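Undergrad: Structure supplied as protein_18.tsv; contents: TSV, C-alpha atoms.
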chain	number	residue	atom	x	y	z
T	1	MET	CA	21.96	-18.83	-7.79
T	2	SER	CA	19.34	-17.55	-10.23
T	3	ARG	CA	16.85	-15.84	-7.97
T	4	TYR	CA	15.05	-14.33	-10.93
T	5	GLU	CA	14.49	-17.64	-12.73
T	6	THR	CA	13.45	-19.40	-9.53
T	7	ASN	CA	10.75	-16.81	-8.97
T	8	VAL	CA	9.72	-16.83	-12.61
T	9	VAL	CA	9.08	-20.57	-12.33
T	10	LEU	CA	7.22	-20.13	-9.04
T	11	TYR	CA	5.06	-17.36	-10.49
T	12	ARG	CA	4.29	-19.46	-13.54
T	13	LEU	CA	3.34	-22.41	-11.34
T	14	LYS	CA	0.90	-20.15	-9.53
T	15	LYS	CA	-0.67	-18.54	-12.57
T	16	ASP	CA	-0.42	-21.09	-15.39
T	17	ALA	CA	-2.63	-24.12	-14.68
T	18	ALA	CA	-1.40	-26.09	-17.72
T	19	PHE	CA	2.26	-25.59	-16.72
T	20	ARG	CA	1.39	-26.55	-13.18
T	21	ALA	CA	-0.20	-29.79	-14.40
T	22	ARG	CA	2.87	-30.63	-16.48
T	23	PHE	CA	5.09	-29.88	-13.48
T	24	ARG	CA	3.10	-32.14	-11.20
T	25	ALA	CA	3.21	-34.95	-13.75
T	26	ASP	CA	6.95	-34.66	-14.45
T	27	PRO	CA	8.78	-31.76	-12.79
T	28	ARG	CA	12.15	-32.33	-14.46
T	29	GLN	CA	10.58	-32.46	-17.90
T	30	ALA	CA	8.48	-29.36	-17.22
T	31	LEU	CA	11.59	-27.45	-16.15
T	32	ALA	CA	13.87	-28.75	-18.89
T	33	ASP	CA	14.19	-25.34	-20.54
T	34	ALA	CA	14.36	-23.28	-17.33
T	35	ASP	CA	17.68	-21.58	-16.59
T	36	LEU	CA	18.16	-23.14	-13.14
T	37	THR	CA	21.15	-24.46	-11.26
T	38	GLU	CA	21.12	-28.18	-10.49
T	39	GLU	CA	20.48	-27.36	-6.82
T	40	GLU	CA	17.42	-25.29	-7.76
T	41	ARG	CA	16.21	-27.90	-10.21
T	42	GLU	CA	16.52	-30.61	-7.57
T	43	ALA	CA	14.64	-28.51	-5.00
T	44	PHE	CA	11.81	-28.00	-7.49
T	45	ALA	CA	11.77	-31.69	-8.40
T	46	ARG	CA	11.45	-32.69	-4.73
T	47	TRP	CA	9.19	-29.68	-4.04
T	48	ASP	CA	11.46	-28.71	-1.17
T	49	ALA	CA	9.88	-25.35	-0.33
T	50	ARG	CA	12.33	-24.57	2.48
T	51	THR	CA	15.29	-24.95	0.16
T	52	LEU	CA	13.61	-22.95	-2.58
T	53	ASN	CA	12.98	-20.21	-0.01
T	54	ASP	CA	16.63	-20.34	1.10
T	55	LEU	CA	17.65	-20.04	-2.56
T	56	GLY	CA	15.67	-16.82	-2.99
T	57	GLY	CA	12.21	-18.11	-3.80
T	58	MET	CA	9.63	-15.62	-2.54
T	59	LEU	CA	7.67	-16.77	0.49
T	60	HIS	CA	4.37	-15.46	-0.83
T	61	LEU	CA	4.73	-17.52	-4.00
T	62	LEU	CA	5.80	-20.64	-2.17
T	63	ILE	CA	2.73	-20.57	0.06
T	64	SER	CA	0.17	-19.81	-2.61
T	65	ILE	CA	0.68	-22.22	-5.50
T	66	PRO	CA	-2.54	-24.21	-5.88
T	67	GLY	CA	-2.06	-27.77	-4.69
T	68	LEU	CA	1.56	-27.21	-3.68
T	69	GLY	CA	1.68	-24.19	-1.42
T	70	SER	CA	1.08	-24.52	2.27
T	71	HIS	CA	2.24	-22.88	5.43
O	1	MET	CA	-10.23	23.02	-1.71
O	2	GLY	CA	-10.13	19.31	-1.09
O	3	ARG	CA	-9.33	17.62	2.15
O	4	ILE	CA	-8.72	14.25	3.72
O	5	VAL	CA	-11.92	13.48	5.59
O	6	TYR	CA	-11.03	10.07	7.00
O	7	ALA	CA	-7.81	8.12	7.53
O	8	ALA	CA	-7.19	4.69	8.96
O	9	ALA	CA	-4.91	1.68	8.73
O	10	MET	CA	-5.63	-1.92	9.50
O	11	SER	CA	-4.49	-5.51	9.08
O	12	HIS	CA	-5.79	-6.89	5.82
O	13	VAL	CA	-6.52	-10.61	6.14
O	14	LEU	CA	-9.98	-10.12	7.62
O	15	TYR	CA	-10.96	-13.72	7.09
O	16	PRO	CA	-11.65	-15.87	10.16
O	17	ASP	CA	-11.16	-19.21	8.38
O	18	TYR	CA	-7.48	-18.41	7.73
O	19	TYR	CA	-6.79	-17.87	11.40
O	20	GLY	CA	-9.03	-20.73	12.44
O	21	GLN	CA	-7.04	-23.13	10.27
O	22	ASN	CA	-3.56	-21.75	10.89
O	23	VAL	CA	-3.73	-20.47	14.46
O	24	GLY	CA	-6.76	-22.07	16.08
O	25	PRO	CA	-9.82	-20.84	17.98
O	26	HIS	CA	-8.07	-17.93	19.68
O	27	GLY	CA	-6.87	-16.64	16.31
O	28	ARG	CA	-10.36	-16.88	14.89
O	29	ARG	CA	-11.81	-15.04	17.89
O	30	MET	CA	-9.21	-12.30	17.70
O	31	VAL	CA	-9.81	-11.56	14.03
O	32	GLU	CA	-13.56	-11.65	14.56
O	33	GLU	CA	-13.09	-8.95	17.20
O	34	LEU	CA	-10.99	-6.96	14.74
O	35	ILE	CA	-13.60	-7.36	12.01
O	36	ALA	CA	-16.30	-5.98	14.33
O	37	VAL	CA	-14.09	-2.94	15.01
O	38	VAL	CA	-13.37	-2.41	11.31
O	39	ARG	CA	-17.09	-2.59	10.54
O	40	ASP	CA	-17.64	0.12	13.13
O	41	MET	CA	-14.85	2.18	11.57
O	42	GLY	CA	-16.67	1.75	8.28
O	43	ARG	CA	-19.64	3.60	9.73
O	44	SER	CA	-17.37	6.60	10.45
O	45	LEU	CA	-15.87	6.32	6.99
O	46	THR	CA	-19.29	6.22	5.35
O	47	ALA	CA	-20.45	9.20	7.42
O	48	ALA	CA	-17.45	11.18	6.15
O	49	ALA	CA	-18.91	10.73	2.63
O	50	PRO	CA	-15.65	10.72	0.67
O	51	ASP	CA	-15.72	11.36	-3.07
O	52	ALA	CA	-12.82	8.93	-3.41
O	53	LEU	CA	-11.07	6.30	-1.33
O	54	VAL	CA	-7.30	5.95	-1.69
O	55	VAL	CA	-6.24	2.45	-0.67
O	56	VAL	CA	-2.52	1.96	-0.04
O	57	ALA	CA	-1.55	-1.70	-0.05
O	58	ASP	CA	0.97	-4.20	-1.36
O	59	ASP	CA	1.09	-6.93	-3.94
O	60	HIS	CA	1.69	-10.50	-2.77
O	61	LEU	CA	3.19	-11.59	-6.09
O	62	ASN	CA	-0.38	-11.90	-7.28
O	63	VAL	CA	-0.35	-9.08	-9.77
O	64	PHE	CA	3.15	-7.97	-10.66
O	65	SER	CA	5.44	-10.71	-11.88
O	66	PHE	CA	9.23	-10.63	-11.90
O	67	ASP	CA	9.00	-9.04	-15.35
O	68	ALA	CA	8.76	-5.73	-13.48
O	69	ILE	CA	8.02	-4.82	-9.88
O	70	PRO	CA	7.03	-1.17	-9.44
O	71	ALA	CA	8.26	0.49	-6.26
O	72	LEU	CA	5.17	2.69	-6.11
O	73	CYS	CA	2.28	2.30	-8.53
O	74	VAL	CA	-0.95	4.23	-9.11
O	75	ARG	CA	-3.90	2.37	-10.58
O	76	VAL	CA	-5.46	4.55	-13.25
O	77	GLY	CA	-8.32	3.87	-15.65
O	78	ARG	CA	-12.05	3.84	-15.11
O	79	SER	CA	-12.55	0.62	-13.19
O	80	VAL	CA	-10.62	-2.12	-11.46
O	81	ASN	CA	-11.38	-5.81	-11.12
O	82	ARG	CA	-10.90	-8.04	-8.15
O	83	MET	CA	-8.25	-10.67	-8.68
O	84	ILE	CA	-9.29	-14.11	-9.86
O	85	GLN	CA	-6.95	-16.89	-8.70
O	86	ASP	CA	-7.74	-20.55	-9.19
O	87	GLY	CA	-7.09	-22.62	-6.11
O	88	ALA	CA	-6.59	-19.49	-4.01
O	89	ILE	CA	-5.20	-19.91	-0.52
O	90	GLU	CA	-7.25	-18.68	2.42
O	91	PHE	CA	-5.91	-15.12	2.12
O	92	ASP	CA	-7.58	-14.65	-1.22
O	93	ARG	CA	-10.63	-16.76	-0.62
O	94	ALA	CA	-11.69	-13.64	1.25
O	95	LEU	CA	-12.36	-12.23	-2.22
O	96	GLU	CA	-14.95	-14.81	-3.17
O	97	GLY	CA	-18.43	-13.39	-3.45
O	98	LEU	CA	-17.26	-9.77	-3.65
O	99	PRO	CA	-18.19	-7.60	-6.63
O	100	GLU	CA	-16.03	-8.31	-9.65
O	101	ARG	CA	-15.51	-4.66	-10.57
O	102	TYR	CA	-15.08	-1.39	-8.71
O	103	PRO	CA	-14.99	2.18	-10.07
O	104	VAL	CA	-11.69	4.07	-10.08
O	105	HIS	CA	-11.63	7.80	-9.30
O	106	GLU	CA	-9.92	8.56	-12.56
O	107	ASP	CA	-9.33	12.28	-11.99
O	108	LEU	CA	-7.73	11.87	-8.58
O	109	ALA	CA	-5.66	8.90	-9.74
O	110	ASN	CA	-4.41	10.84	-12.77
O	111	SER	CA	-3.66	13.87	-10.60
O	112	ILE	CA	-1.58	11.81	-8.17
O	113	LEU	CA	0.29	10.26	-11.09
O	114	GLU	CA	0.83	13.37	-13.22
O	115	LYS	CA	1.60	15.79	-10.39
O	116	GLY	CA	3.86	13.12	-8.97
O	117	MET	CA	5.90	13.11	-12.15
O	118	GLN	CA	6.17	16.89	-11.99
O	119	ALA	CA	7.23	16.71	-8.34
O	120	GLY	CA	9.91	14.06	-8.83
O	121	PHE	CA	7.97	10.89	-8.02
O	122	ASP	CA	8.44	8.43	-10.86
O	123	PHE	CA	5.33	6.45	-10.03
O	124	ALA	CA	4.46	3.50	-12.20
O	125	ALA	CA	0.97	3.50	-13.68
O	126	SER	CA	-1.19	0.46	-14.29
O	127	TRP	CA	-4.38	0.32	-16.33
O	128	SER	CA	-5.02	-3.37	-15.71
O	129	ALA	CA	-3.71	-4.57	-12.35
O	130	PRO	CA	-6.48	-6.29	-10.34
O	131	LEU	CA	-6.93	-6.07	-6.57
O	132	ASP	CA	-6.15	-8.86	-4.13
O	133	HIS	CA	-7.10	-9.29	-0.49
O	134	ALA	CA	-4.77	-6.50	0.61
O	135	PHE	CA	-7.16	-4.01	-0.96
O	136	LEU	CA	-10.54	-5.65	-1.00
O	137	SER	CA	-10.71	-7.49	2.31
O	138	PRO	CA	-10.57	-4.17	4.24
O	139	VAL	CA	-12.75	-2.29	1.73
O	140	ALA	CA	-15.42	-5.01	1.83
O	141	THR	CA	-15.34	-5.12	5.62
O	142	LEU	CA	-15.51	-1.34	5.97
O	143	TYR	CA	-18.40	-0.93	3.54
O	144	GLY	CA	-20.39	-4.14	3.92
O	145	ASP	CA	-23.48	-3.78	1.74
O	146	ARG	CA	-23.04	-0.03	1.30
O	147	ALA	CA	-21.84	1.42	-2.00
O	148	VAL	CA	-18.04	1.70	-2.22
O	149	PRO	CA	-16.87	5.10	-3.49
O	150	PRO	CA	-14.51	5.30	-6.47
O	151	LEU	CA	-11.12	3.91	-5.49
O	152	VAL	CA	-7.56	5.01	-6.08
O	153	PRO	CA	-5.49	1.85	-5.53
O	154	PHE	CA	-1.86	2.65	-4.73
O	155	TRP	CA	0.69	-0.17	-4.54
O	156	VAL	CA	3.87	-0.20	-2.52
O	157	ASN	CA	6.48	-2.86	-3.20
O	158	CYS	CA	6.76	-4.20	0.33
O	159	PHE	CA	8.34	-7.58	-0.37
O	160	VAL	CA	10.74	-7.71	-3.29
O	161	THR	CA	14.12	-6.19	-2.51
O	162	PRO	CA	15.05	-3.45	-2.96
O	163	GLN	CA	11.92	-1.84	-1.55
O	164	PRO	CA	11.33	1.91	-1.37
O	165	THR	CA	12.53	3.42	1.89
O	166	ALA	CA	10.27	4.35	4.78
O	167	ARG	CA	11.15	7.99	4.12
O	168	ARG	CA	10.22	7.70	0.44
O	169	CYS	CA	6.86	6.15	1.29
O	170	PHE	CA	6.18	8.93	3.80
O	171	ASP	CA	7.09	11.53	1.17
O	172	ALA	CA	4.74	9.86	-1.33
O	173	GLY	CA	2.01	10.29	1.27
O	174	ARG	CA	2.89	13.98	1.65
O	175	HIS	CA	2.50	14.25	-2.11
O	176	ILE	CA	-0.94	12.62	-1.99
O	177	ALA	CA	-1.97	15.11	0.71
O	178	ARG	CA	-0.83	18.03	-1.47
O	179	VAL	CA	-2.76	16.71	-4.47
O	180	VAL	CA	-5.87	16.33	-2.33
O	181	ALA	CA	-5.47	19.86	-0.95
O	182	GLU	CA	-5.16	21.28	-4.45
O	183	GLY	CA	-8.19	19.40	-5.78
O	184	PRO	CA	-11.93	19.71	-5.22
O	185	TRP	CA	-12.54	16.34	-3.59
O	186	ASN	CA	-13.12	15.04	-0.12
O	187	VAL	CA	-10.89	12.01	0.11
O	188	ALA	CA	-10.52	9.09	2.50
O	189	VAL	CA	-7.19	7.29	2.77
O	190	ILE	CA	-6.61	3.84	4.20
O	191	ALA	CA	-3.45	1.78	4.41
O	192	THR	CA	-3.52	-1.96	4.98
O	193	GLY	CA	-1.36	-4.82	6.21
O	194	GLY	CA	0.61	-5.83	9.24
O	195	LEU	CA	1.44	-5.88	11.95
O	196	SER	CA	4.53	-8.07	12.18
O	197	HIS	CA	4.40	-11.49	10.53
O	198	PHE	CA	6.53	-13.64	8.25
O	199	PRO	CA	9.87	-12.34	9.63
O	200	GLU	CA	12.65	-12.27	7.06
O	201	LEU	CA	10.09	-13.73	4.61
O	202	SER	CA	11.46	-17.03	5.82
O	203	LEU	CA	9.33	-20.14	5.50
O	204	ALA	CA	11.10	-21.50	8.58
O	205	ARG	CA	9.89	-18.53	10.63
O	206	VAL	CA	6.25	-18.50	9.56
O	207	GLY	CA	4.24	-18.43	12.75
O	208	GLN	CA	6.36	-15.84	14.53
O	209	SER	CA	5.54	-12.19	15.15
O	210	ASP	CA	7.46	-9.48	17.02
O	211	PRO	CA	5.18	-7.97	19.66
O	212	VAL	CA	7.96	-5.84	21.17
O	213	PHE	CA	8.46	-4.17	17.81
O	214	ASP	CA	4.72	-3.81	17.26
O	215	ARG	CA	4.13	-2.17	20.66
O	216	ARG	CA	6.89	0.33	19.89
O	217	ILE	CA	5.47	1.13	16.44
O	218	VAL	CA	1.94	1.65	17.70
O	219	LYS	CA	3.19	3.99	20.43
O	220	LEU	CA	5.15	6.01	17.86
O	221	MET	CA	2.00	6.47	15.79
O	222	GLU	CA	-0.08	7.33	18.85
O	223	SER	CA	2.40	10.00	19.85
O	224	GLY	CA	2.80	11.29	16.30
O	225	ASP	CA	6.53	10.56	16.25
O	226	HIS	CA	6.81	10.38	12.49
O	227	ASP	CA	10.53	11.12	12.50
O	228	SER	CA	11.14	7.79	14.22
O	229	MET	CA	8.78	6.06	11.81
O	230	THR	CA	10.53	7.43	8.74
O	231	ALA	CA	13.88	6.40	10.24
O	232	LEU	CA	12.89	2.72	10.20
O	233	THR	CA	15.36	0.78	8.11
O	234	ALA	CA	14.77	-1.97	5.59
O	235	LYS	CA	16.70	-4.28	7.93
O	236	GLU	CA	14.39	-3.55	10.87
O	237	LEU	CA	11.28	-4.05	8.75
O	238	HIS	CA	12.61	-7.28	7.26
O	239	GLU	CA	13.83	-8.87	10.49
O	240	SER	CA	10.64	-8.12	12.40
O	241	GLY	CA	8.32	-9.07	9.54
O	242	SER	CA	7.01	-5.52	9.28
O	243	HIS	CA	7.35	-5.13	5.53
O	244	GLU	CA	3.79	-3.89	5.15
O	245	LEU	CA	4.43	-0.91	7.41
O	246	LEU	CA	5.62	0.77	4.21
O	247	ASN	CA	1.93	1.08	3.29
O	248	TRP	CA	1.24	2.67	6.65
O	249	LEU	CA	4.11	5.10	6.09
O	250	VAL	CA	2.38	6.45	2.97
O	251	LEU	CA	-0.69	7.06	5.10
O	252	LEU	CA	1.40	8.74	7.82
O	253	GLY	CA	2.80	11.09	5.22
O	254	ALA	CA	-0.72	11.92	4.07
O	255	VAL	CA	-1.98	12.76	7.57
O	256	SER	CA	1.13	14.04	9.35
O	257	PRO	CA	1.31	15.52	11.98
O	258	ALA	CA	-1.94	13.87	13.11
O	259	ARG	CA	-1.75	11.33	15.90
O	260	ALA	CA	-3.27	7.88	15.74
O	261	ARG	CA	-6.01	6.51	17.92
O	262	VAL	CA	-5.82	2.77	18.48
O	263	ARG	CA	-9.12	1.07	17.75
O	264	PHE	CA	-7.79	-2.47	17.98
O	265	TYR	CA	-4.52	-4.11	18.93
O	266	GLY	CA	-4.01	-7.82	19.41
O	267	GLU	CA	-0.94	-10.04	19.74
O	268	MET	CA	-1.85	-13.34	18.15
O	269	GLY	CA	1.62	-14.82	17.80
O	270	ARG	CA	1.50	-15.69	14.12
O	271	VAL	CA	0.62	-12.12	13.20
O	272	ASP	CA	-0.20	-9.19	15.40
O	273	LEU	CA	-3.37	-7.37	14.40
O	274	ALA	CA	-4.25	-3.71	14.59
O	275	ALA	CA	-6.66	-1.04	13.41
O	276	LEU	CA	-5.89	2.64	13.93
O	277	GLU	CA	-7.64	5.87	13.00
O	278	TRP	CA	-6.17	9.34	12.65
O	279	GLU	CA	-7.87	12.54	13.76
O	280	VAL	CA	-7.99	14.43	10.47
O	281	ALA	CA	-11.37	16.15	10.50
Now that the file is in, can you turn its structure into structure tokens?
TA:
Amino acid sequence: MSRYETNVVLYRLKKDAAFRARFRADPRQALADADLTEEEREAFARWDARTLNDLGGMLHLLISIPGLGSH
Amino acid sequence: MGRIVYAAAMSHVLYPDYYGQNVGPHGRRMVEELIAVVRDMGRSLTAAAPDALVVVADDHLNVFSFDAIPALCVRVGRSVNRMIQDGAIEFDRALEGLPERYPVHEDLANSILEKGMQAGFDFAASWSAPLDHAFLSPVATLYGDRAVPPLVPFWVNCFVTPQPTARRCFDAGRHIARVVAEGPWNVAVIATGGLSHFPELSLARVGQSDPVFDRRIVKLMESGDHDSMTALTAKELHESGSHELLNWLVLLGAVSPARARVRFYGEMGRVDLAALEWEVA
């Protein structure tokens, strides 16, 4: 589990609109260089917020990414 | 000799639309009642005419990234901006329409930082961190259209483990009180956040609060039992969703042994709301 990298990606999704657009268009491509486990990568690709949270993704990031976050 | 002329703590999402959308009409009504109380508290705060307002609050992963998370951070510099976030969720839509920039009380902020270093508090310093709803929703509600005094924003890492201990936050508040006493300024101190919500920071548990815990905490502050407050463990805070009490613990340290007076307490379910004042004058 790479809690740090998961949260780095979440933070970037929140703050970097261009990265967020690339992620929404093609999540696997956008995360190609991210140091994630396959489980984490899959959770991002499906935008499975519960699993990302279980894997160490911070709640406050998960709920506040424009267009993706909800609670 | 300086003194603390006003002290209070309060929940910090003072934005009815958030509760209306996520809780329903009773949530909206409850926070509207709280907002009316906080506005009234603002009249007392304004009457106390502080030279500076110390605001103790937390970052919601808005400001500090995982590059570095300060345990305790003093905002220094001459001014501070409100946070700009595109597509902000309801929490931070509370910031829309507020002034973009606020003055910082540079001398008090530097004194807290520098005397802290001398006293063994390795505070982080930030010259650029902006303020999110945790700071500005209460400040804007307290002051309304009145001029806001120079601020000293003080961040506590409430959410990213490992957090500072309850005892350490209390001791940081004692330090702030000493700095105020040694200086020439009349200072107001507020802490924000809470009460219990988002237990375990678990998405699956969003919507739950812990009213039994909250009743106990409020009673401890009413009775001035600060030993029990500083004995709170990270586990207790995490499981009950009371992470933001660490902000309140800084305030308790600043005002101890004063007892709290409850101005508002409400059990909403999703989050329990409160506003307390301390008799410091």
Undergrad: Using only C-alpha atoms for the distances, tell me which of O:Ser79, O:Asn22, O:Gln118, O:Thr46 is nearest to chain T.
TA: O:Asn22
Undergrad: Suppose you want the space between atom CA of Thr51 of chain T and atom CA of Thr233 of chain O; what is it in Å?
TA: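 Rounded to one decimal, the two atoms are 26.9 Å apart.
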Undergrad: Which chain O residues are at most 6 Å from chain T (counting all atoms listed in the file), as a PyMOL selection string?
TA: chain O and resi 60+87+89+201
Undergrad: I'd like the neighbourhood of Asp35 of chain T as a short mmCIF file (atom, residue, chain, number, x, y, z; two decimals) with C-alpha atoms, in the frame of the given file, where a residue qualifies if any of its atoms comes within 10 Å (using all atoms listed in the file), though same-chain residues fewer than 3 positions away should be ignored.
TA:
data_model
loop_
_atom_site.label_atom_id
_atom_site.label_comp_id
_atom_site.auth_asym_id
_atom_site.auth_seq_id
_atom_site.Cartn_x
_atom_site.Cartn_y
_atom_site.Cartn_z
CA SER T 2 19.34 -17.55 -10.23
CA TYR T 4 15.05 -14.33 -10.93
CA GLU T 5 14.49 -17.64 -12.73
CA THR T 6 13.45 -19.40 -9.53
CA VAL T 9 9.08 -20.57 -12.33
CA LEU T 31 11.59 -27.45 -16.15
CA ALA T 32 13.87 -28.75 -18.89
CA GLU T 38 21.12 -28.18 -10.49
CA GLU T 40 17.42 -25.29 -7.76
CA ARG T 41 16.21 -27.90 -10.21
#
Undergrad: Need the shell around Ser228 of chain O: protein/DNA/RNA residues with any atom at most 12 Å away, counting all atoms listed in the file. Skip same-chain ones fewer than 3 positions apart. Format as number ranges by chain?
TA: O: 166-167, 170, 216-221, 223-225, 231-233, 249, 252
Undergrad: Using Å and a single decimal, report how far atom CA of Phe123 of chain O sits from atom CA of Ala177 of chain O.
TA: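 For atom CA of Ala177 of chain O relative to atom CA of Phe123 of chain O, the distance reads 15.6 Å.
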Undergrad: Closest to Leu13 of chain T among O:Ala48, O:Val187, O:Asp86, O:Phe159, using all atoms listed in the file?
TA: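 Comparing O:Ala48, O:Val187, O:Asp86, O:Phe159 against Leu13 of chain T, the winner is O:Asp86.
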Undergrad: Ser111 of chain O: which residues within 10 Å, counting all atoms listed in the file, same-chain residues fewer than 4 positions away excluded, as a PyMOL selection string?
TA: chain O and resi 76+106-107+115-117+176+179-180+182-183
Undergrad: When you draw a straight line from atom CA of Ala57 of chain O to atom CA of Gly24 of chain O, how long is it in Å?
TA: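 Distance between the two atoms: 26.5 Å.
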Undergrad: For Val152 of chain O, please output as a PyMOL selection string all residues within 9 Å (counting only C-alpha atoms; exclusion window: fewer than 2 positions along the same chain).
TA: chain O and resi 52-56+74-76+103-106+108-109+150+154
Undergrad: Using only C-alpha atoms, which residues sit within 6 Å of Ala254 of chain O once same-chain residues fewer than 3 positions away are excluded, as a list in words?
TA: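 The residues satisfying every condition are Gly173, Arg174, Ala177 and Leu251 of chain O.
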Undergrad: Include C-alpha atoms and write out the residues we just selected as a compact mmCIF listing (two decimals), keeping the file's coordinate frame.
TA:
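The file below, again-v4.txt, is the result:
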# COMPACT_ATOMS: atom_id res chain seq x y z
CA GLY O 173 2.01 10.29 1.27
CA ARG O 174 2.89 13.98 1.65
CA ALA O 177 -1.97 15.11 0.71
CA LEU O 251 -0.69 7.06 5.10
Undergrad: Is it possible to add N, CA and C atoms to segment 154-175 of chain O and hand it back as an mmCIF file, keeping the file's coordinate frame?
TA:
data_model
loop_
_atom_site.group_PDB
_atom_site.id
_atom_site.type_symbol
_atom_site.label_atom_id
_atom_site.label_comp_id
_atom_site.auth_asym_id
_atom_site.auth_seq_id
_atom_site.Cartn_x
_atom_site.Cartn_y
_atom_site.Cartn_z
ATOM 1 N N PHE O 154 -3.265 2.187 -4.695
ATOM 2 C CA PHE O 154 -1.860 2.650 -4.730
ATOM 3 C C PHE O 154 -1.011 1.533 -4.142
ATOM 4 N N TRP O 155 -0.127 0.964 -4.986
ATOM 5 C CA TRP O 155 0.690 -0.170 -4.540
ATOM 6 C C TRP O 155 2.052 0.291 -4.052
ATOM 7 N N VAL O 156 2.506 -0.358 -2.996
ATOM 8 C CA VAL O 156 3.870 -0.200 -2.520
ATOM 9 C C VAL O 156 4.547 -1.566 -2.609
ATOM 10 N N ASN O 157 5.727 -1.601 -3.172
ATOM 11 C CA ASN O 157 6.480 -2.860 -3.200
ATOM 12 C C ASN O 157 7.042 -3.126 -1.808
ATOM 13 N N CYS O 158 6.338 -3.924 -1.040
ATOM 14 C CA CYS O 158 6.760 -4.200 0.330
ATOM 15 C C CYS O 158 7.684 -5.414 0.435
ATOM 16 N N PHE O 159 7.713 -6.269 -0.577
ATOM 17 C CA PHE O 159 8.340 -7.580 -0.370
ATOM 18 C C PHE O 159 9.560 -7.880 -1.226
ATOM 19 N N VAL O 160 9.646 -7.321 -2.397
ATOM 20 C CA VAL O 160 10.740 -7.710 -3.290
ATOM 21 C C VAL O 160 11.859 -6.679 -3.192
ATOM 22 N N THR O 161 12.998 -7.126 -2.684
ATOM 23 C CA THR O 161 14.120 -6.190 -2.510
ATOM 24 C C THR O 161 14.648 -5.741 -3.873
ATOM 25 N N PRO O 162 15.063 -4.496 -3.987
ATOM 26 C CA PRO O 162 15.050 -3.450 -2.960
ATOM 27 C C PRO O 162 13.713 -2.710 -2.920
ATOM 28 N N GLN O 163 13.173 -2.563 -1.721
ATOM 29 C CA GLN O 163 11.920 -1.840 -1.550
ATOM 30 C C GLN O 163 12.191 -0.341 -1.441
ATOM 31 N N PRO O 164 11.158 0.478 -1.668
ATOM 32 C CA PRO O 164 11.330 1.910 -1.370
ATOM 33 C C PRO O 164 11.562 2.106 0.123
ATOM 34 N N THR O 165 12.235 3.184 0.473
ATOM 35 C CA THR O 165 12.530 3.420 1.890
ATOM 36 C C THR O 165 11.289 3.924 2.625
ATOM 37 N N ALA O 166 11.357 3.814 3.946
ATOM 38 C CA ALA O 166 10.270 4.350 4.780
ATOM 39 C C ALA O 166 10.100 5.846 4.504
ATOM 40 N N ARG O 167 11.204 6.543 4.383
ATOM 41 C CA ARG O 167 11.150 7.990 4.120
ATOM 42 C C ARG O 167 10.470 8.274 2.781
ATOM 43 N N ARG O 168 10.797 7.480 1.770
ATOM 44 C CA ARG O 168 10.220 7.700 0.440
ATOM 45 C C ARG O 168 8.706 7.450 0.458
ATOM 46 N N CYS O 169 8.295 6.429 1.183
ATOM 47 C CA CYS O 169 6.860 6.150 1.290
ATOM 48 C C CYS O 169 6.145 7.301 1.997
ATOM 49 N N PHE O 170 6.751 7.791 3.069
ATOM 50 C CA PHE O 170 6.180 8.930 3.800
ATOM 51 C C PHE O 170 6.054 10.129 2.853
ATOM 52 N N ASP O 171 7.109 10.393 2.096
ATOM 53 C CA ASP O 171 7.090 11.530 1.170
ATOM 54 C C ASP O 171 6.025 11.355 0.091
ATOM 55 N N ALA O 172 5.815 10.119 -0.354
ATOM 56 C CA ALA O 172 4.740 9.860 -1.330
ATOM 57 C C ALA O 172 3.386 10.211 -0.710
ATOM 58 N N GLY O 173 3.245 9.916 0.567
ATOM 59 C CA GLY O 173 2.010 10.290 1.270
ATOM 60 C C GLY O 173 1.850 11.796 1.379
ATOM 61 N N ARG O 174 2.962 12.507 1.623
ATOM 62 C CA ARG O 174 2.890 13.980 1.650
ATOM 63 C C ARG O 174 2.407 14.488 0.290
ATOM 64 N N HIS O 175 2.922 13.865 -0.752
ATOM 65 C CA HIS O 175 2.500 14.250 -2.110
ATOM 66 C C HIS O 175 1.000 14.028 -2.296
#
